[in-house]
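One structure below.
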Amino acid sequence: VRRTLGLLVSTLLLACSAGGPPGENEGTGASGGSGGKGGTGGSAAAPNAGGSSGMTSGGTGGGGTGGSGGSGGSAGNIGATSCDSPKLGSPTLRLLTRAEFENTLGDIFPAVKGQWTNTLPANRVSEIGFENDSGNVVGGQLAEALLDTALSVAGAVTGNALAGILPCSTSAPDRACAQTFVTTYGQRLFRRPMTDTEVTRYLTLFDTGLAATNFPTALKWVLAGLIQSPNAVYRSEIGVPAAGGTRTLTGYELATEVAYTFGGTTPSQDLLDRLGAGGDPVAEAKALLGTEHGKEMVQHFFEAYLSYTKISSVTRDLPAGSPNFSELSRDMVREMRNFISNVVMNEGAGVKELLTSPKTYPTRTLATFYGFTGQTNDDALLMRPAGRGLGVLAQGAFLSSHANTDMSSPTQRGLFAFYRLLCQPKRSPPPSVPMINTAPETNTTRERYEVAHMTQGSTCRGCHQFFDPIGFAFENFDHVGKYRSEQNGEAINPADELPDPDTGEPVFAFSGQEELVTQLAELTEVHECFSAYLAAYAFGTAEACLGPNKGKDVGIVDAFAALAAEPHFTTRKAE
Amino acid sequence: MTSHLRLLHARSILERRLFLKALGLGLAAPVALNLARSATAQPSGAPKRFFVMYFPHGIAPEHFNPRMTGPGNDPTQFALDMTNESTLAPLEAYKQYVNVYQGFQYPGSFGTHEGLLNILSGLNTGDTSTPRITLEHVIAQGLGVKPTILGACSHQTWGLDGHGMLFWDGTTPVDPEKNPAVAADKLFGTSAAAPSADQQLKNAMLELTLTEIEALQTSVSGLTREHSKLQTHLDSVKTLKAGGGSGQSSCTTVPSLPTVERVRMESAGKMPDPGGGNDYFYMDENFRTLFQAQLEVVTQALICNASQVMGLMPMYATSELKFDFIDSTLPNGGSWTHHNGLSHIFYQGKDGVQHNSPITIDNAKPEARAVFGVAQRWFFEQLVSNVVSKLATTPDPAASDGSTVLDNTLIFVLSEIGDGANHTRASMLEYPQIPSYLPFITIGKAGGAIKTGQVLTVGELGDQTTSATLARPATDLYLTLAKAMGVDATFPETTGLVQGVLT
């Protein structure tokens, strides 16, 4: 059965938990699991999925609302709307993330790399899962940490390294030397030439410092001021007024946007010059994505999109004699990074290959743990045997991170697809979890979830019927991604149907992970949804919309770079 | 008056000399402070300290609720160690300092999945970008000090999301300091004042920053959101420039902090991998050590008044950390994971008993619920052994009326969930015989401002459909606790001070 999967915002109002799994108490045989609620599974709100509404038939969407944007630039829960033509986002000052700040200072002052301490707090993670939200602000904690970090860097630069960084500091440590420093490094930190007024401000501070202390100390405070300046910690995407009530980004702003979006760090002077002179941002984006910082930007997108690095800090129960999970999880992260590096970056995979590639690159230890044979070298290509899963959603890092400590989680795995492949709007759980129909004894995780979540007439079923069935497709893989054909002597049943979020009617049937992902990879909605997440990551907001037919039959890295050609990248609405 | 001030000054000098001498003998700081205090006992007003500690996943009411032991519902006659596994049993020996509060809820339409975001502010929104201010920051602002916010595995590696945003400073969520060694260095590090030239330059530099922010504000004139963003930045830098410490510390050297030093040693060089893993401070296996180390910091900071207002978040709201370290031989039905494995345990109906059938305590699933009670008791065991017992027996070095640090401290312990399984956020009678409340406890007398040793019940019990209108807003209690700390505060949706709490 294959039906159109509508992308209209669901009007399903039944309250139900969209979070964690039901009870975990399997294995004792003493009793069924307890019902359980809430949890860690991908509570993403859907970003603005650009592109055509409906599926291949054209669907019933159209127009769309474009989303409200939420406060502070967060996407919030704007639902899976659509737009017929690209929509511009707002002008904004984007706060550097902790990593961007560190990369920037590392690039500008390579001589003191490793000699200072970054005390910036963790970034706020937005509703759609990214930490570079354009609505982020400098609160009290961050203001203090910016000062502390700026002083740490400035102390290192004006210490023993200063003679190499600023030769005149030894030959002629005077105001002119300070001016050279301010104009040189001010331009790097502000990513544009400083105005005369700005230079004067900093030289006045230098004069005050020199009168009270000495050249290096005075310069230290000048540099600390430059580093924690609002002109340094925000990426300006404000632009200047243009025709049609829009704003056009300046060349410096565009170069900065390209540099951070695709390179994760500050623009070089050459990049500032090229884009300031009307260079091609897409070509620059592609070049940056080939650098180490750029590759890390792609990896970082997948870390956030798949939420897989969680496994680095949690525990998972393993049978006696297994390797320590902290070692396995490290290998799983490595395997995932290998997959992204080889399949997505080197081979130019699109969404279809991302979901269906049979390739993987485990360490020997991990291959043995999975039960794969023939892996003689760490990180070498290994083709998955038939029936052992396909693509990124068969990776141990994904399967383990979307699981519980001691059992798989059809809810978490199903929710991933529901939110991040199908861009469905967030389902709100009830204020208090209703009494669960606790289970009679069950043998399989699926049975337990079906009793707890899917019993006809239960409140939970209202929501869980839309994503738990998707999660059942993964039941051949346990909570650490290991294949199983049975559980407690009962054969695994990975068969179900993808329900239409609006009607609950089946869209297609599947039996197992491979059939599920192969069919998902054909859905236009999945490609558009992925594009929407990629754009939200690049733009720091889900407010902008890409317009129709983006993201299909295009390599992911190319699609990422092509965002630099989107109207939003160079132009903003008035507000 | 002049003479009196001179005497106070002389005593302060004497105390300091005795204190330093005691430290010179190799005594741990609290002991040294005791000696100094006992040698100079004089009446004086000690500063009140405030410490709020969260614990995740709520409680099992049948293992938590105090047993009332007196006639006629006398609120002062109760036992904390007579309720099955007695989650609060570690506090029994200190119950003259304890209040257990029953009948509060946090208001609004948002449920427990956004509970962590709302619980300490009383705000009613699930939006993680809406600014809010939480109880400890309200009190700190009122006292004119900077709160110290600590955490032990308090959020995930990838950033501060809705499961880890407990504390808010009025504009943004506060990322708890995850490294107790860093916290200790800040609180107990060299207290020598910065050279005046440095202070002068710092002020000049921050003034320059303020000028730049204002200039940028002008350039975004008409862009309301960006203007507002810069106003937040401007206010933050103004606060930073105004300065203000976390407290007037009586510590002149670093107290003995053995667990903190262990963390410092073990964590050295364990920096995150590119993928964000392998960070000592995020790993579940280090949680217990980190929790204990942070409690060590809290205790010494409160004793010294190195920080007058503190907050601690051990674990995050959906942490699956395993608790089999308690006693893995206990029969618990299978799983030891804290979130789903322990806290989500519902009553188990007998064979044939269906959903919505009458449930009595006789057909509960007792073994699993008991283990959850034991797991939550572990948090109180840590609090009592590392903090309460020490504060209760340490004379306040800043007081000279014989009072202990606990006499002058107010500890507030809470979870955002009532019954862990049902995710209740209000007082209700879920099952016959077992009322469920949000677990709110205070320990300490707040300098005599709190009437302690009582089980205080407010509001009425409801059921799952009506309880929201019967329970009392938690913010009423926050208003009262702030008042006890000497701070007149405002919170959302308050109805007034809670009677029977303040002396």
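We name chains A, B, ... following the order of the structure tokens; residues begin at 1 in each chain, and ligands are numbered from 1 as shown.
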| request: Return as a ChimeraX atom specification the full set of residues in segment 287-423 of chain A whose backbone-based DSSP assignment is alpha helix (DSSP H). | output: /A:287-289,292-306,325-339,351-356,364-370,396-401,410-416
| query | Residues at most 7 Å from Leu366 of chain A, counting only C-alpha atoms, excluding those fewer than 3 positions away in the same chain, as a VMD selection string? | reply | chain A and resid 328 331 362 to 363 369 to 370
Keeping only all heavy atoms, write the selected residues as a compact mmCIF listing (two decimals), in the first residue's frame.
# COMPACT_ATOMS: atom_id res chain seq x y z
N LEU A 328 33.88 0.73 23.29
CA LEU A 328 33.03 0.50 22.12
C LEU A 328 32.41 1.80 21.62
O LEU A 328 32.33 2.05 20.41
CB LEU A 328 31.91 -0.49 22.47
CG LEU A 328 32.27 -1.96 22.55
CD1 LEU A 328 31.05 -2.77 22.97
CD2 LEU A 328 32.79 -2.46 21.20
N ASP A 331 34.71 3.74 19.61
CA ASP A 331 34.83 3.15 18.27
C ASP A 331 33.59 3.43 17.42
O ASP A 331 33.67 3.58 16.19
CB ASP A 331 35.06 1.65 18.37
CG ASP A 331 36.50 1.31 18.75
OD1 ASP A 331 37.28 2.26 18.97
OD2 ASP A 331 36.84 0.12 18.83
N PRO A 362 34.19 0.20 10.37
CA PRO A 362 34.41 -0.01 11.81
C PRO A 362 35.86 -0.35 12.13
O PRO A 362 36.64 -0.74 11.25
CB PRO A 362 33.51 -1.21 12.10
CG PRO A 362 33.52 -2.00 10.82
CD PRO A 362 33.60 -0.97 9.71
N THR A 363 36.20 -0.22 13.38
CA THR A 363 37.47 -0.78 13.84
C THR A 363 37.33 -2.30 13.88
O THR A 363 36.22 -2.84 13.81
CB THR A 363 37.81 -0.27 15.25
OG1 THR A 363 36.79 -0.73 16.15
CG2 THR A 363 37.91 1.25 15.29
N PHE A 369 32.62 -7.19 17.46
CA PHE A 369 31.48 -7.05 18.37
C PHE A 369 30.16 -7.17 17.62
O PHE A 369 29.23 -7.83 18.07
CB PHE A 369 31.56 -5.70 19.09
CG PHE A 369 30.40 -5.42 19.99
CD1 PHE A 369 30.26 -6.07 21.22
CD2 PHE A 369 29.43 -4.50 19.61
CE1 PHE A 369 29.18 -5.81 22.04
CE2 PHE A 369 28.34 -4.24 20.44
CZ PHE A 369 28.21 -4.89 21.65
N TYR A 370 30.11 -6.55 16.43
CA TYR A 370 28.88 -6.63 15.62
C TYR A 370 28.68 -8.02 15.03
O TYR A 370 27.59 -8.37 14.59
CB TYR A 370 28.94 -5.65 14.45
CG TYR A 370 28.83 -4.18 14.80
CD1 TYR A 370 29.48 -3.22 14.02
CD2 TYR A 370 28.07 -3.73 15.87
CE1 TYR A 370 29.36 -1.87 14.30
CE2 TYR A 370 27.96 -2.39 16.17
CZ TYR A 370 28.61 -1.45 15.38
OH TYR A 370 28.51 -0.12 15.65
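Going from atom CA of Ala306 of chain B over to atom CA of Ser267 of chain B, you cover 24.5 Å.
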| request: Between atom CA of Ala565 of chain A and atom CA of Glu296 of chain A, measure the distance and give it in Å to one decimal. | output: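 One can read the atom CA of Ala565 of chain A to atom CA of Glu296 of chain A distance as 21.4 Å.
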Skip segment 257-266 of chain B itself and residues of its chain fewer than 3 positions away, then list as a PDB file with N, CA and C atoms, in the first residue's frame all residues within 6 Å of it, counting only C-alpha atoms.
ATOM      1  N   PRO B 180      34.638  20.822  39.796  1.00  0.00           N
ATOM      2  CA  PRO B 180      34.725  21.307  41.177  1.00  0.00           C
ATOM      3  C   PRO B 180      36.070  21.956  41.492  1.00  0.00           C
ATOM      4  N   ALA B 181      37.116  21.556  40.772  1.00  0.00           N
ATOM      5  CA  ALA B 181      38.426  22.178  41.015  1.00  0.00           C
ATOM      6  C   ALA B 181      38.420  23.643  40.570  1.00  0.00           C
ATOM      7  N   ALA B 293      32.475  15.716  45.196  1.00  0.00           N
ATOM      8  CA  ALA B 293      33.425  16.841  45.171  1.00  0.00           C
ATOM      9  C   ALA B 293      32.692  18.176  45.205  1.00  0.00           C
TER      10      ALA B 293
END
| Any idea what the distance is between atom CA of Thr409 of chain B and atom CA of Val100 of chain B? |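 Straight-line distance from atom CA of Thr409 of chain B to atom CA of Val100 of chain B works out to 16.3 Å.
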| Exercise: segment 404-406 of chain B partners within 7 Å, only C-alpha atoms, chain neighbours under 4 positions left out, as number ranges by chain | B: 303, 391-396, 444-445
| said: Report as a ChimeraX atom specification all protein, DNA and RNA residues lying within 6 Å of segment 116-127 of chain B, evaluated on only C-alpha atoms, omitting residues in the same chain fewer than 5 positions from it. | reply: /B:108,133-135,165-166,416,475,492
Could you dump the residues just selected with N, CA, C and O atoms as a PDB file, in the first residue's frame?
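Once written, part_10.pdb looks like this:
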ATOM      1  N   GLY B 108       0.441  26.335  35.600  1.00  0.00           N
ATOM      2  CA  GLY B 108       0.406  26.509  34.164  1.00  0.00           C
ATOM      3  C   GLY B 108       0.081  25.266  33.394  1.00  0.00           C
ATOM      4  O   GLY B 108      -0.071  24.175  33.941  1.00  0.00           O
ATOM      5  N   ILE B 133      14.044  34.167  35.704  1.00  0.00           N
ATOM      6  CA  ILE B 133      14.995  34.220  36.813  1.00  0.00           C
ATOM      7  C   ILE B 133      14.555  33.225  37.880  1.00  0.00           C
ATOM      8  O   ILE B 133      13.375  33.152  38.218  1.00  0.00           O
ATOM      9  N   THR B 134      15.487  32.474  38.374  1.00  0.00           N
ATOM     10  CA  THR B 134      15.156  31.417  39.307  1.00  0.00           C
ATOM     11  C   THR B 134      15.479  31.824  40.743  1.00  0.00           C
ATOM     12  O   THR B 134      16.211  32.791  40.983  1.00  0.00           O
ATOM     13  N   LEU B 135      14.912  31.071  41.667  1.00  0.00           N
ATOM     14  CA  LEU B 135      14.906  31.434  43.086  1.00  0.00           C
ATOM     15  C   LEU B 135      16.271  31.864  43.615  1.00  0.00           C
ATOM     16  O   LEU B 135      16.389  32.895  44.282  1.00  0.00           O
ATOM     17  N   MET B 165      18.473  22.889  31.796  1.00  0.00           N
ATOM     18  CA  MET B 165      18.395  24.341  32.055  1.00  0.00           C
ATOM     19  C   MET B 165      17.622  24.623  33.334  1.00  0.00           C
ATOM     20  O   MET B 165      16.520  25.169  33.306  1.00  0.00           O
ATOM     21  N   LEU B 166      18.165  24.298  34.466  1.00  0.00           N
ATOM     22  CA  LEU B 166      17.461  24.496  35.738  1.00  0.00           C
ATOM     23  C   LEU B 166      17.599  25.924  36.242  1.00  0.00           C
ATOM     24  O   LEU B 166      16.656  26.504  36.761  1.00  0.00           O
ATOM     25  N   GLU B 416      11.428  18.459  40.310  1.00  0.00           N
ATOM     26  CA  GLU B 416      10.316  19.070  39.574  1.00  0.00           C
ATOM     27  C   GLU B 416       9.187  18.084  39.350  1.00  0.00           C
ATOM     28  O   GLU B 416       8.188  18.409  38.726  1.00  0.00           O
ATOM     29  N   THR B 475       5.562  29.098  43.859  1.00  0.00           N
ATOM     30  CA  THR B 475       6.166  30.423  44.007  1.00  0.00           C
ATOM     31  C   THR B 475       5.784  31.069  45.339  1.00  0.00           C
ATOM     32  O   THR B 475       6.492  31.955  45.811  1.00  0.00           O
ATOM     33  N   PRO B 492       6.092  34.882  39.629  1.00  0.00           N
ATOM     34  CA  PRO B 492       4.814  34.762  38.929  1.00  0.00           C
ATOM     35  C   PRO B 492       3.771  34.003  39.754  1.00  0.00           C
ATOM     36  O   PRO B 492       4.113  33.061  40.474  1.00  0.00           O
TER      37      PRO B 492
END
| request: Tell me which protein, DNA and RNA residues are within 12 Å of Glu335 of chain A, counting only C-alpha atoms, leaving out same-chain ones fewer than 5 positions away, and put them as a ChimeraX atom specification. | output: /A:308-309,328-330,340-343,359-367,378-382,392,394-398 /B:275
